[in-house]
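**Student:** Below is a structure I'd like to ask you about.
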Amino acid sequence: MKGQDAFGFSAEDYGDECEVWSDNWPAFCLFNALATQWRTGACGATGLDYTSIRDVAGYLGIKKKQIAEIFPDLQVMEAEALLVMSESK
């Protein structure tokens with residue numbers, strides 16, 4: 001089942017487009033804006049630099065209260081990105 005998700009689909013089955021639900025849009029925008037804020041070590045990326053989240057969110061107009069609400073979604077995207085990056089080694 002390597003290369004397939006839990007439903008048996010591969011990345012090619014999804015095409016180039018991806019829909020982001022409106023509830024997830026602020027977290028997606030923040031994650032996208034944090035693209036240059038990865039902490040790295042000898043083995044590659046280890047996670048996002050959490051000290052930059054508040055500043056970057058502020059640049060996007062995301063309020064402090066909203067950051068606390070979307071942080072768990074941000075962590076899910078971070079974990080998945082780390083998994084994908086580790087698979088490409």
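Identifiers in this document derive from the order of the structure tokens: chains are assigned A, B, ..., residues are numbered from 1 separately in each chain, and ligands are numbered from 1 in order of occurrence.
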For Trp38 (chain A), work out the shell of residues within 7 Å, counting only C-alpha atoms and skipping chain neighbours fewer than 5 positions away, then give it as a list in words.
**Tutor:** Ala45, Gly47, Leu48 and Asp49 of chain A
**Student:** Residues of the last selection are to be written out with C-alpha atoms, as a PDB file, in the first residue's frame.
**Tutor:**
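Contents of out_14.pdb, as written:
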ATOM      1  CA  ALA A  45      13.556  19.917   8.573  1.00  0.00           C
ATOM      2  CA  GLY A  47       9.517  21.549  12.433  1.00  0.00           C
ATOM      3  CA  LEU A  48       8.279  25.078  12.047  1.00  0.00           C
ATOM      4  CA  ASP A  49       9.912  27.906  13.978  1.00  0.00           C
TER       5      ASP A  49
END
**Student:** Mind the document's chain letters and residue numbers, and return as a PyMOL selection string the residues of chain A that DSSP labels helix (DSSP H, G or I).
**Tutor:** chain A and resi 11-14+22-33+50-59+64-87
**Student:** Mind the document's chain letters and residue numbers, and return as a list in words the residues of region 1-76 of chain A that DSSP labels strand (DSSP E).
**Tutor:**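 Strand (DSSP E) members of region 1-76 of chain A, listed: Trp38, Arg39, Thr40, Gly41, Gly44, Ala45, Thr46, Gly47 and Leu48 of chain A.
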**Student:** Save out the residues we just selected, N, CA and C atoms, as a short mmCIF file (atom, residue, chain, number, x, y, z; two decimals), in the first residue's frame.
**Tutor:**
data_model
loop_
_atom_site.label_atom_id
_atom_site.label_comp_id
_atom_site.auth_asym_id
_atom_site.auth_seq_id
_atom_site.Cartn_x
_atom_site.Cartn_y
_atom_site.Cartn_z
N TRP A 38 11.13 27.12 8.52
CA TRP A 38 11.39 25.76 9.00
C TRP A 38 12.70 25.73 9.78
N ARG A 39 12.69 25.05 10.90
CA ARG A 39 13.94 24.75 11.62
C ARG A 39 14.53 23.51 10.98
N THR A 40 15.82 23.55 10.75
CA THR A 40 16.47 22.42 10.10
C THR A 40 17.69 21.98 10.90
N GLY A 41 18.02 20.73 10.72
CA GLY A 41 19.20 20.15 11.35
C GLY A 41 19.96 19.34 10.32
N GLY A 44 17.71 17.41 7.99
CA GLY A 44 16.65 18.12 7.30
C GLY A 44 15.73 18.86 8.25
N ALA A 45 14.52 19.15 7.79
CA ALA A 45 13.56 19.92 8.57
C ALA A 45 13.13 19.16 9.83
N THR A 46 13.02 19.89 10.93
CA THR A 46 12.58 19.29 12.19
C THR A 46 11.25 19.86 12.67
N GLY A 47 10.79 20.94 12.07
CA GLY A 47 9.52 21.55 12.43
C GLY A 47 9.54 23.03 12.13
N LEU A 48 8.38 23.64 12.26
CA LEU A 48 8.28 25.08 12.05
C LEU A 48 8.90 25.84 13.21
#
**Student:** What does the distance from CA of Tyr59 (chain A) to CA of Thr36 (chain A) come to in Å, to one decimal?
**Tutor:**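 Going from CA of Tyr59 (chain A) over to CA of Thr36 (chain A) covers 14.6 Å.
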**Student:** Within 10 Å of Phe28 (chain A), counting only C-alpha atoms, which residues qualify if same-chain residues fewer than 4 places away don't, as an NGL selection string?
**Tutor:** :A and (20-24 or 32-34 or 70 or 73-74 or 77)
**Student:** Keeping only C-alpha atoms, write those residues as a PDB file, in the first residue's frame.
**Tutor:**
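Wrote it out as selection_27.pdb, contents follow:
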ATOM      1  CA  VAL A  20      -9.336  23.937   1.028  1.00  0.00           C
ATOM      2  CA  TRP A  21     -12.456  24.133   3.163  1.00  0.00           C
ATOM      3  CA  SER A  22     -13.302  27.640   4.341  1.00  0.00           C
ATOM      4  CA  ASP A  23     -12.883  26.603   7.997  1.00  0.00           C
ATOM      5  CA  ASN A  24      -9.278  25.646   7.239  1.00  0.00           C
ATOM      6  CA  ASN A  32       1.780  28.800   3.403  1.00  0.00           C
ATOM      7  CA  ALA A  33       3.197  32.105   4.688  1.00  0.00           C
ATOM      8  CA  LEU A  34       5.481  30.187   7.062  1.00  0.00           C
ATOM      9  CA  ILE A  70      -6.003  27.484  14.290  1.00  0.00           C
ATOM     10  CA  ASP A  73      -4.644  22.715  12.351  1.00  0.00           C
ATOM     11  CA  LEU A  74      -1.244  24.257  11.706  1.00  0.00           C
ATOM     12  CA  MET A  77      -0.146  20.414   8.358  1.00  0.00           C
TER      13      MET A  77
END
**Student:** If I take CA of Gly8 (chain A) and CA of Ala35 (chain A), how far is one from the other in Å, to one decimal?
**Tutor:**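 One can read the CA of Gly8 (chain A) to CA of Ala35 (chain A) distance as 29.0 Å.
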**Student:** At what distance in Å, to one decimal, does CA of Glu78 (chain A) lie from CA of Gln66 (chain A)?
**Tutor:**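 Spanning CA of Gln66 (chain A) to CA of Glu78 (chain A) is a straight-line distance of 17.7 Å.
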**Student:** With a distance cut-off of 9 Å and only C-alpha atoms, select the neighbouring residues of Ile67 (chain A), excluding the residue or stretch itself and same-chain residues fewer than 3 positions from it, and output the selection as a VMD selection string.
**Tutor:** chain A and resid 27 53 to 54 57 62 to 64 70 to 71
**Student:** Which residue out of A:Cys18, A:Ala11, A:Met85, A:Leu30 has the minimum interatomic distance to Gly61 (chain A) when only C-alpha atoms are used?
**Tutor:**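 The shortest atom-to-atom distance to Gly61 (chain A) comes from A:Leu30.
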